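The block underneath contains the structure these notes are about, expressed in structure tokens.
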There are 2 protein chains.
Amino acid sequence: MRALVVLAAAVAVTGAAPPKKLTPGDVVTAAPPSAWRTIAADDLLVMDLAKGGRVVVQLAPDFAPVHVANVRALARGNYWDGATIYRVQDNYVAQWGLNESDRPWPTGVNPKPPAEYTRPLKGMTVKPLGYADPYAPGAGFWKGWPVAYSAKAGWANLAHCYASVGVGRDLAPDTGTGGELYAVIGHGPRQLDRNIALIGRVIEGIDRMSSLPRGPAPMGFYTDKSLPEPITKIRLASDIPAAERPSFEYLDTSSASFAQYLRLKANRNDDFYRVAAGGVDLCNANVPVRKKG
Amino acid sequence: MRALVVLAAAVAVTGAAPPKKLTPGDVVTAAPPSAWRTIAADDLLVMDLAKGGRVVVQLAPDFAPVHVANVRALARGNYWDGATIYRVQDNYVAQWGLNESDRPWPTGVNPKPPAEYTRPLKGMTVKPLGYADPYAPGAGFWKGWPVAYSAKAGWANLAHCYASVGVGRDLAPDTGTGGELYAVIGHGPRQLDRNIALIGRVIEGIDRMSSLPRGPAPMGFYTDKSLPEPITKIRLASDIPAAERPSFEYLDTSSASFAQYLRLKANRNDDFYRVAAGGVDLCNANVPVRKKG
């Protein structure tokens, strides 16, 4: 069967085979242990689905501290037990939560968080993407996250890419509490940058959301009562017994390995490619994340 | 239930309500009949799935004429009857076809098409996107398609966006025949531009592909024999009896309506938005296509 992308090039077993050209994946595999950063257990939101399967979200407290504190309080208060994924809109988002009226806020939830849509650029050492971004004057990576920024205006924001997780809200000035969250399951909807609080990204199990049936109502809401995907529970990894706790690490975006990975993402020259693009989109240079142990 | 994007803003029914700010969708709804172009029945590939549902692909003969001629010959020869969607890779592609050895090529198939990865820019009147593209010196729209180009080098290519359809191939110089096709179901993999022949885009039913379970083997191949999604048949709309033939139209990308749509896509200022991006990605300014009649 033909493959769109061939896994491994056949090289002559005799004679002087040319050195294999590296893929971005090769660079990730070869990255030394020192290039990886463990994600804190307090920054991992673990979502168990009733029909089986798990979704893990890495939280981004550096970008939306009040919203992330809310999400942690909601998880610690077992707020989402019995919630559902109730909306799946093609090439856009899957959204979960429950009616706000269904359950009181647990202790520690701020019902009116500030608009954490940008943060100060000051103090951030951003690894530049190196290519133009249509949505902001600058784009790059910081502490493992894709960011857009304006050096002149002094703001930075987490970018809406595939698997980004954000806070559902009504019209401004409402910013959402965090009780209803969405994950991006399509082309990065960057127009939402600076308009919504992003609280992290799915690092395991995004396919459990992206492969759900799309809802038939406007915006992908489910109308059939059988469709909403039930969630058994959502917990912080730090509240899960150590023996069962999942652990993840990301490739340090200030490492030499990431720099090489980014160069190759923008200049694919392995055997499948005929022409290197000479550029890459912020959302196509996904920061490598992997399970530990 | 809170919504990520609110469908309609509540405006005061009495008093001087401010005029509603237009969304891109409002502009599409208001576009006059003269701004729409009917897609030729010969450019519509209609795929009926055995479990129900239909996927329609608009062909792009202006970009890959030999591959599109192959696809038409394959449809006319009933080549895909009983084929399957056999590979679904998250945030990448769904791919379909059958083993080449399973069935001889129908009449009219060129088994070794040329590398139709770019076409001459000369003669094309491209509506510029107006914003930087990380993958090419220029980007815009022509005859309803998203294109990237180099004015200096004189080439143009159809861009890999969500729902783009391309021709699976092995390593170069092989270009694929068209017997195995893929549709993009994730963030536009623009690194494939100028490296693969694109033959069109899915204009109906992409959710039938994007919501399929991801395959467990590398590259999303299905291993469980129960998973491949059976295809009953694939036909050109021009070979379907007129009474049952589907028909579609796209918004003319050289029209004033499209220009206004594009401006609003780059500068969302309707009630949900607090800040307009001031730019848009080529793959986020999807050309509107709708069913006729």
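Simple scheme: letters A, B, ... for chains in structure tokens order, numbers from 1 for residues in each chain, numbers from 1 for ligands in the order shown.
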
Mind checking which residues fall within 6 Å of region 55-59 of chain B, counting only C-alpha atoms, ignoring those fewer than 2 positions away in the same chain, and posting them as a list in words?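 What passes the distance filter is Asp43, Leu44, Leu45, Val46, Met47, Ile199, Gly200, Arg201, Val202, Ile203, Glu204 and Gly205 of chain B.
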
Output for the residues just chosen: C-alpha atoms as a PDB file, in the first residue's frame:
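Here's the written file part-v4.pdb:
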ATOM      1  CA  ASP B  43     -15.339  18.902 -11.318  1.00  0.00           C
ATOM      2  CA  LEU B  44     -17.359  17.157  -8.593  1.00  0.00           C
ATOM      3  CA  LEU B  45     -16.296  13.768  -7.258  1.00  0.00           C
ATOM      4  CA  VAL B  46     -19.086  12.176  -5.228  1.00  0.00           C
ATOM      5  CA  MET B  47     -18.080   9.523  -2.718  1.00  0.00           C
ATOM      6  CA  ILE B 199      -6.266  17.656  -6.909  1.00  0.00           C
ATOM      7  CA  GLY B 200      -8.943  19.560  -5.012  1.00  0.00           C
ATOM      8  CA  ARG B 201     -10.754  19.948  -1.716  1.00  0.00           C
ATOM      9  CA  VAL B 202     -13.619  18.389   0.203  1.00  0.00           C
ATOM     10  CA  ILE B 203     -16.640  20.717  -0.023  1.00  0.00           C
ATOM     11  CA  GLU B 204     -19.193  18.466   1.694  1.00  0.00           C
ATOM     12  CA  GLY B 205     -18.797  15.804   4.370  1.00  0.00           C
TER      13      GLY B 205
END

Expected answer as a list of chain:residue names: strand (DSSP E) residues in region 40-118 of chain B: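 Selecting the strand (DSSP E) positions of region 40-118 of chain B gives B:Leu44, B:Leu45, B:Val46, B:Met47, B:Asp48, B:Leu49, B:Arg54, B:Val55, B:Val56, B:Val57, B:Gln58, B:Leu59, B:Thr84, B:Ile85, B:Tyr86, B:Arg87, B:Val88, B:Val93, B:Ala94, B:Gln95, B:Trp96, B:Gly97.
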
Produce the least-squares-superposed copy of chain A, fitted on chain B over all in-order C-alpha pairs, as an mmCIF file with C-alpha atoms, in the first residue's frame.
data_model
loop_
_atom_site.group_PDB
_atom_site.id
_atom_site.type_symbol
_atom_site.label_atom_id
_atom_site.label_comp_id
_atom_site.auth_asym_id
_atom_site.auth_seq_id
_atom_site.Cartn_x
_atom_site.Cartn_y
_atom_site.Cartn_z
ATOM 1 C CA MET A 1 -25.105 26.940 28.542
ATOM 2 C CA ARG A 2 -22.235 29.259 27.775
ATOM 3 C CA ALA A 3 -21.060 29.388 24.225
ATOM 4 C CA LEU A 4 -17.555 30.005 22.988
ATOM 5 C CA VAL A 5 -18.886 32.097 20.170
ATOM 6 C CA VAL A 6 -22.260 33.659 20.573
ATOM 7 C CA LEU A 7 -24.595 33.328 17.622
ATOM 8 C CA ALA A 8 -26.437 36.584 17.852
ATOM 9 C CA ALA A 9 -25.893 39.550 20.077
ATOM 10 C CA ALA A 10 -28.808 40.708 22.111
ATOM 11 C CA VAL A 11 -29.610 44.287 21.201
ATOM 12 C CA ALA A 12 -31.929 46.566 23.087
ATOM 13 C CA VAL A 13 -35.376 46.400 21.537
ATOM 14 C CA THR A 14 -36.088 49.987 22.447
ATOM 15 C CA GLY A 15 -33.902 53.033 22.052
ATOM 16 C CA ALA A 16 -31.202 53.642 19.476
ATOM 17 C CA ALA A 17 -29.484 50.259 19.139
ATOM 18 C CA PRO A 18 -26.085 50.604 17.488
ATOM 19 C CA PRO A 19 -25.867 49.032 14.033
ATOM 20 C CA LYS A 20 -24.816 45.378 14.281
ATOM 21 C CA LYS A 21 -21.214 44.863 13.227
ATOM 22 C CA LEU A 22 -20.943 42.416 10.365
ATOM 23 C CA THR A 23 -19.402 38.983 10.670
ATOM 24 C CA PRO A 24 -17.702 37.287 7.684
ATOM 25 C CA GLY A 25 -20.742 34.989 7.575
ATOM 26 C CA ASP A 26 -23.083 37.984 7.252
ATOM 27 C CA VAL A 27 -21.169 39.096 4.170
ATOM 28 C CA VAL A 28 -21.460 35.650 2.598
ATOM 29 C CA THR A 29 -25.202 35.569 3.255
ATOM 30 C CA ALA A 30 -25.621 39.030 1.699
ATOM 31 C CA ALA A 31 -23.465 38.330 -1.386
ATOM 32 C CA PRO A 32 -25.495 38.862 -4.584
ATOM 33 C CA PRO A 33 -26.140 35.930 -6.969
ATOM 34 C CA SER A 34 -23.645 37.500 -9.401
ATOM 35 C CA ALA A 35 -20.827 36.886 -6.897
ATOM 36 C CA TRP A 36 -21.291 33.113 -7.007
ATOM 37 C CA ARG A 37 -19.795 30.695 -9.545
ATOM 38 C CA THR A 38 -21.319 27.296 -10.240
ATOM 39 C CA ILE A 39 -18.896 24.367 -10.059
ATOM 40 C CA ALA A 40 -18.972 22.220 -13.227
ATOM 41 C CA ALA A 41 -20.457 18.738 -12.734
ATOM 42 C CA ASP A 42 -17.254 17.306 -14.209
ATOM 43 C CA ASP A 43 -15.323 18.894 -11.341
ATOM 44 C CA LEU A 44 -17.346 17.153 -8.612
ATOM 45 C CA LEU A 45 -16.279 13.777 -7.277
ATOM 46 C CA VAL A 46 -19.085 12.180 -5.250
ATOM 47 C CA MET A 47 -18.088 9.535 -2.717
ATOM 48 C CA ASP A 48 -20.785 7.404 -1.080
ATOM 49 C CA LEU A 49 -19.818 5.670 2.144
ATOM 50 C CA ALA A 50 -21.203 2.209 2.916
ATOM 51 C CA LYS A 51 -22.199 3.155 6.479
ATOM 52 C CA GLY A 52 -24.064 6.201 5.189
ATOM 53 C CA GLY A 53 -23.011 9.709 4.396
ATOM 54 C CA ARG A 54 -21.468 11.355 1.405
ATOM 55 C CA VAL A 55 -18.232 13.201 0.761
ATOM 56 C CA VAL A 56 -17.981 15.581 -2.213
ATOM 57 C CA VAL A 57 -14.625 16.717 -3.603
ATOM 58 C CA GLN A 58 -14.243 19.719 -5.917
ATOM 59 C CA LEU A 59 -11.526 18.957 -8.466
ATOM 60 C CA ALA A 60 -8.856 21.499 -9.422
ATOM 61 C CA PRO A 61 -7.910 20.802 -13.057
ATOM 62 C CA ASP A 62 -6.181 24.196 -13.322
ATOM 63 C CA PHE A 63 -3.480 22.981 -10.937
ATOM 64 C CA ALA A 64 -2.946 19.273 -11.694
ATOM 65 C CA PRO A 65 -4.568 18.497 -15.052
ATOM 66 C CA VAL A 66 -3.006 15.055 -15.599
ATOM 67 C CA HIS A 67 -3.745 13.872 -12.073
ATOM 68 C CA VAL A 68 -7.294 15.233 -12.280
ATOM 69 C CA ALA A 69 -7.758 13.431 -15.623
ATOM 70 C CA ASN A 70 -6.613 10.252 -13.875
ATOM 71 C CA VAL A 71 -9.070 10.773 -11.035
ATOM 72 C CA ARG A 72 -11.891 11.268 -13.541
ATOM 73 C CA ALA A 73 -10.854 8.094 -15.424
ATOM 74 C CA LEU A 74 -10.705 6.153 -12.160
ATOM 75 C CA ALA A 75 -14.212 7.329 -11.208
ATOM 76 C CA ARG A 76 -15.594 6.533 -14.681
ATOM 77 C CA GLY A 77 -13.993 3.089 -14.520
ATOM 78 C CA ASN A 78 -15.646 2.377 -11.133
ATOM 79 C CA TYR A 79 -12.133 1.831 -9.822
ATOM 80 C CA TRP A 80 -12.923 2.674 -6.183
ATOM 81 C CA ASP A 81 -16.042 0.515 -5.775
ATOM 82 C CA GLY A 82 -15.381 -1.387 -2.571
ATOM 83 C CA ALA A 83 -12.288 0.640 -1.632
ATOM 84 C CA THR A 84 -11.809 1.864 1.957
ATOM 85 C CA ILE A 85 -10.599 4.785 4.024
ATOM 86 C CA TYR A 86 -7.703 2.807 5.473
ATOM 87 C CA ARG A 87 -5.598 5.392 7.265
ATOM 88 C CA VAL A 88 -6.572 8.275 9.595
ATOM 89 C CA GLN A 89 -3.749 10.143 11.313
ATOM 90 C CA ASP A 90 -4.678 12.751 13.881
ATOM 91 C CA ASN A 91 -4.038 16.396 12.966
ATOM 92 C CA TYR A 92 -2.900 15.272 9.521
ATOM 93 C CA VAL A 93 -4.837 13.229 6.933
ATOM 94 C CA ALA A 94 -7.486 10.607 6.175
ATOM 95 C CA GLN A 95 -6.468 8.481 3.175
ATOM 96 C CA TRP A 96 -8.448 6.163 0.925
ATOM 97 C CA GLY A 97 -8.057 3.836 -2.027
ATOM 98 C CA LEU A 98 -7.111 0.205 -2.477
ATOM 99 C CA ASN A 99 -4.017 -1.860 -3.132
ATOM 100 C CA GLU A 100 -2.761 -1.046 -6.600
ATOM 101 C CA SER A 101 -2.287 -4.737 -7.235
ATOM 102 C CA ASP A 102 -5.966 -5.395 -6.498
ATOM 103 C CA ARG A 103 -7.342 -4.007 -9.737
ATOM 104 C CA PRO A 104 -5.972 -2.968 -13.146
ATOM 105 C CA TRP A 105 -6.061 0.716 -14.126
ATOM 106 C CA PRO A 106 -9.186 1.643 -16.078
ATOM 107 C CA THR A 107 -8.881 3.089 -19.589
ATOM 108 C CA GLY A 108 -7.351 6.534 -19.693
ATOM 109 C CA VAL A 109 -5.183 6.380 -16.583
ATOM 110 C CA ASN A 110 -1.648 7.707 -16.997
ATOM 111 C CA PRO A 111 0.444 5.500 -14.690
ATOM 112 C CA LYS A 112 3.327 7.997 -14.530
ATOM 113 C CA PRO A 113 1.944 11.528 -14.346
ATOM 114 C CA PRO A 114 4.340 14.474 -14.317
ATOM 115 C CA ALA A 115 5.138 16.313 -11.084
ATOM 116 C CA GLU A 116 2.222 18.759 -11.051
ATOM 117 C CA TYR A 117 3.306 20.418 -7.829
ATOM 118 C CA THR A 118 3.370 23.967 -9.158
ATOM 119 C CA ARG A 119 1.987 25.748 -12.193
ATOM 120 C CA PRO A 120 3.080 28.938 -13.973
ATOM 121 C CA LEU A 121 1.940 32.126 -12.265
ATOM 122 C CA LYS A 122 1.710 33.764 -15.673
ATOM 123 C CA GLY A 123 -1.892 34.373 -16.713
ATOM 124 C CA MET A 124 -3.245 34.134 -13.168
ATOM 125 C CA THR A 125 -4.903 37.173 -11.639
ATOM 126 C CA VAL A 126 -4.419 36.484 -7.965
ATOM 127 C CA LYS A 127 -6.381 38.372 -5.309
ATOM 128 C CA PRO A 128 -3.640 38.988 -2.720
ATOM 129 C CA LEU A 129 -4.201 37.796 0.833
ATOM 130 C CA GLY A 130 -2.568 41.012 1.985
ATOM 131 C CA TYR A 131 -0.593 39.438 4.844
ATOM 132 C CA ALA A 132 2.729 37.622 5.151
ATOM 133 C CA ASP A 133 2.798 33.909 4.482
ATOM 134 C CA PRO A 134 5.564 31.859 6.141
ATOM 135 C CA TYR A 135 5.682 29.365 3.249
ATOM 136 C CA ALA A 136 5.946 31.491 0.112
ATOM 137 C CA PRO A 137 6.762 35.040 -1.002
ATOM 138 C CA GLY A 138 3.108 35.573 -1.942
ATOM 139 C CA ALA A 139 -0.310 34.186 -1.043
ATOM 140 C CA GLY A 140 -3.840 34.852 -2.213
ATOM 141 C CA PHE A 141 -6.811 33.473 -4.102
ATOM 142 C CA TRP A 142 -7.532 32.552 -7.701
ATOM 143 C CA LYS A 143 -10.709 31.072 -9.170
ATOM 144 C CA GLY A 144 -11.873 30.172 -5.682
ATOM 145 C CA TRP A 145 -8.656 28.454 -4.555
ATOM 146 C CA PRO A 146 -6.054 29.410 -1.916
ATOM 147 C CA VAL A 147 -2.698 29.759 -3.650
ATOM 148 C CA ALA A 148 0.895 30.488 -2.711
ATOM 149 C CA TYR A 149 3.290 31.913 -5.287
ATOM 150 C CA SER A 150 6.577 33.506 -6.157
ATOM 151 C CA ALA A 151 6.305 36.447 -8.552
ATOM 152 C CA LYS A 152 10.084 36.381 -8.980
ATOM 153 C CA ALA A 153 10.386 32.665 -9.766
ATOM 154 C CA GLY A 154 7.074 32.565 -11.612
ATOM 155 C CA TRP A 155 5.435 29.590 -9.880
ATOM 156 C CA ALA A 156 2.142 29.175 -8.055
ATOM 157 C CA ASN A 157 0.775 26.265 -6.081
ATOM 158 C CA LEU A 158 -2.487 25.214 -4.517
ATOM 159 C CA ALA A 159 -2.012 25.441 -0.725
ATOM 160 C CA HIS A 160 -2.431 22.567 1.730
ATOM 161 C CA CYS A 161 -5.285 23.731 3.962
ATOM 162 C CA TYR A 162 -7.942 21.934 6.006
ATOM 163 C CA ALA A 163 -9.955 19.672 3.646
ATOM 164 C CA SER A 164 -7.424 19.864 0.784
ATOM 165 C CA VAL A 165 -7.267 16.625 -1.224
ATOM 166 C CA GLY A 166 -3.960 15.298 -2.542
ATOM 167 C CA VAL A 167 -2.401 12.317 -4.237
ATOM 168 C CA GLY A 168 -0.565 9.769 -2.052
ATOM 169 C CA ARG A 169 2.865 8.939 -3.399
ATOM 170 C CA ASP A 170 6.071 7.089 -2.561
ATOM 171 C CA LEU A 171 9.485 8.726 -2.655
ATOM 172 C CA ALA A 172 10.276 11.107 -5.531
ATOM 173 C CA PRO A 173 10.349 10.979 -8.525
ATOM 174 C CA ASP A 174 7.079 8.998 -8.126
ATOM 175 C CA THR A 175 4.119 11.425 -8.134
ATOM 176 C CA GLY A 176 1.266 8.979 -7.427
ATOM 177 C CA THR A 177 -1.451 8.138 -9.915
ATOM 178 C CA GLY A 178 -4.504 9.334 -8.031
ATOM 179 C CA GLY A 179 -5.661 5.846 -7.041
ATOM 180 C CA GLU A 180 -4.900 6.729 -3.420
ATOM 181 C CA LEU A 181 -6.055 10.106 -2.192
ATOM 182 C CA TYR A 182 -5.930 11.886 1.169
ATOM 183 C CA ALA A 183 -7.851 14.725 2.740
ATOM 184 C CA VAL A 184 -6.314 17.062 5.321
ATOM 185 C CA ILE A 185 -8.080 16.814 8.711
ATOM 186 C CA GLY A 186 -5.819 19.034 10.811
ATOM 187 C CA HIS A 187 -3.796 22.226 10.780
ATOM 188 C CA GLY A 188 -2.813 22.939 7.164
ATOM 189 C CA PRO A 189 0.414 20.941 6.508
ATOM 190 C CA ARG A 190 1.869 23.595 4.240
ATOM 191 C CA GLN A 191 5.303 21.897 4.216
ATOM 192 C CA LEU A 192 3.734 19.531 1.648
ATOM 193 C CA ASP A 193 3.146 22.448 -0.749
ATOM 194 C CA ARG A 194 5.209 22.002 -3.924
ATOM 195 C CA ASN A 195 5.975 18.418 -2.891
ATOM 196 C CA ILE A 196 2.683 16.683 -3.664
ATOM 197 C CA ALA A 197 0.002 17.015 -6.322
ATOM 198 C CA LEU A 198 -3.173 18.483 -4.856
ATOM 199 C CA ILE A 199 -6.257 17.651 -6.905
ATOM 200 C CA GLY A 200 -8.940 19.572 -5.026
ATOM 201 C CA ARG A 201 -10.757 19.952 -1.722
ATOM 202 C CA VAL A 202 -13.628 18.399 0.194
ATOM 203 C CA ILE A 203 -16.632 20.728 -0.026
ATOM 204 C CA GLU A 204 -19.190 18.471 1.675
ATOM 205 C CA GLY A 205 -18.807 15.815 4.355
ATOM 206 C CA ILE A 206 -15.261 16.459 5.562
ATOM 207 C CA ASP A 207 -16.623 15.705 9.050
ATOM 208 C CA ARG A 208 -17.338 12.133 7.895
ATOM 209 C CA MET A 209 -13.568 11.740 7.565
ATOM 210 C CA SER A 210 -12.333 13.962 10.396
ATOM 211 C CA SER A 211 -14.488 12.145 12.978
ATOM 212 C CA LEU A 212 -13.254 8.640 12.092
ATOM 213 C CA PRO A 213 -11.204 6.850 14.745
ATOM 214 C CA ARG A 214 -7.474 7.421 14.399
ATOM 215 C CA GLY A 215 -5.563 4.307 13.357
ATOM 216 C CA PRO A 216 -3.308 2.747 16.001
ATOM 217 C CA ALA A 217 -0.378 1.897 13.713
ATOM 218 C CA PRO A 218 2.292 4.437 12.706
ATOM 219 C CA MET A 219 0.893 7.085 10.344
ATOM 220 C CA GLY A 220 -2.633 6.207 11.469
ATOM 221 C CA PHE A 221 -2.989 2.967 9.531
ATOM 222 C CA TYR A 222 -5.807 0.751 10.736
ATOM 223 C CA THR A 223 -4.732 -2.669 11.955
ATOM 224 C CA ASP A 224 -8.115 -3.971 13.133
ATOM 225 C CA LYS A 225 -9.955 -5.279 10.073
ATOM 226 C CA SER A 226 -13.218 -3.839 11.366
ATOM 227 C CA LEU A 227 -11.976 -0.258 11.202
ATOM 228 C CA PRO A 228 -11.453 0.636 7.542
ATOM 229 C CA GLU A 229 -14.442 2.701 6.424
ATOM 230 C CA PRO A 230 -15.924 1.034 3.336
ATOM 231 C CA ILE A 231 -16.663 3.162 0.285
ATOM 232 C CA THR A 232 -19.606 1.997 -1.824
ATOM 233 C CA LYS A 233 -18.686 4.007 -4.877
ATOM 234 C CA ILE A 234 -17.066 7.187 -6.179
ATOM 235 C CA ARG A 235 -18.566 8.862 -9.254
ATOM 236 C CA LEU A 236 -18.285 12.145 -11.098
ATOM 237 C CA ALA A 237 -21.419 14.252 -10.642
ATOM 238 C CA SER A 238 -21.572 14.451 -14.471
ATOM 239 C CA ASP A 239 -22.150 10.662 -14.525
ATOM 240 C CA ILE A 240 -24.999 10.847 -12.006
ATOM 241 C CA PRO A 241 -28.555 11.255 -13.430
ATOM 242 C CA ALA A 242 -29.397 14.967 -13.543
ATOM 243 C CA ALA A 243 -32.287 14.624 -11.109
ATOM 244 C CA GLU A 244 -30.003 13.189 -8.389
ATOM 245 C CA ARG A 245 -26.901 15.189 -9.213
ATOM 246 C CA PRO A 246 -25.629 17.500 -6.426
ATOM 247 C CA SER A 247 -24.620 21.026 -7.401
ATOM 248 C CA PHE A 248 -22.416 23.556 -5.632
ATOM 249 C CA GLU A 249 -21.203 27.111 -6.074
ATOM 250 C CA TYR A 250 -18.277 29.081 -4.638
ATOM 251 C CA LEU A 251 -17.890 32.751 -3.851
ATOM 252 C CA ASP A 252 -15.915 34.392 -6.660
ATOM 253 C CA THR A 253 -12.604 35.360 -5.078
ATOM 254 C CA SER A 254 -12.330 38.382 -7.388
ATOM 255 C CA SER A 255 -15.731 39.729 -6.229
ATOM 256 C CA ALA A 256 -16.334 42.710 -3.959
ATOM 257 C CA SER A 257 -18.134 40.359 -1.560
ATOM 258 C CA PHE A 258 -15.040 38.187 -1.176
ATOM 259 C CA ALA A 259 -12.867 41.272 -0.639
ATOM 260 C CA GLN A 260 -15.177 42.389 2.173
ATOM 261 C CA TYR A 261 -15.263 38.852 3.611
ATOM 262 C CA LEU A 262 -11.451 38.717 3.616
ATOM 263 C CA ARG A 263 -11.196 42.133 5.281
ATOM 264 C CA LEU A 264 -13.503 40.993 8.061
ATOM 265 C CA LYS A 265 -11.721 37.647 8.443
ATOM 266 C CA ALA A 266 -8.559 39.644 9.174
ATOM 267 C CA ASN A 267 -10.332 42.229 11.319
ATOM 268 C CA ARG A 268 -13.090 40.567 13.337
ATOM 269 C CA ASN A 269 -14.881 43.329 15.162
ATOM 270 C CA ASP A 270 -18.286 41.784 15.780
ATOM 271 C CA ASP A 271 -19.603 41.658 19.309
ATOM 272 C CA PHE A 272 -17.589 38.706 20.551
ATOM 273 C CA TYR A 273 -14.229 40.232 19.705
ATOM 274 C CA ARG A 274 -12.292 42.656 21.843
ATOM 275 C CA VAL A 275 -9.223 42.995 19.595
ATOM 276 C CA ALA A 276 -9.030 42.532 15.818
ATOM 277 C CA ALA A 277 -6.017 40.499 14.693
ATOM 278 C CA GLY A 278 -5.145 42.787 11.779
ATOM 279 C CA GLY A 279 -4.170 39.765 9.711
ATOM 280 C CA VAL A 280 -5.280 36.310 8.683
ATOM 281 C CA ASP A 281 -3.649 33.068 7.669
ATOM 282 C CA LEU A 282 -4.255 31.826 4.101
ATOM 283 C CA CYS A 283 -5.837 28.641 5.491
ATOM 284 C CA ASN A 284 -8.115 30.534 7.883
ATOM 285 C CA ALA A 285 -9.802 32.530 5.110
ATOM 286 C CA ASN A 286 -11.696 29.534 3.719
ATOM 287 C CA VAL A 287 -13.364 30.315 0.418
ATOM 288 C CA PRO A 288 -17.130 30.028 0.933
ATOM 289 C CA VAL A 289 -18.758 27.112 -0.929
ATOM 290 C CA ARG A 290 -22.441 26.176 -0.711
ATOM 291 C CA LYS A 291 -24.927 23.727 -2.098
ATOM 292 C CA LYS A 292 -27.226 24.968 -4.841
ATOM 293 C CA GLY A 293 -30.942 24.443 -5.016
#

Please report, as a ChimeraX atom specification, each residue of region 58-282 of chain B to which DSSP assigns helix (DSSP H, G or I) when run on this structure's backbone. /B:65-76,100-102,190-192,206-210,218-220,237-239,242-244,256-266,282
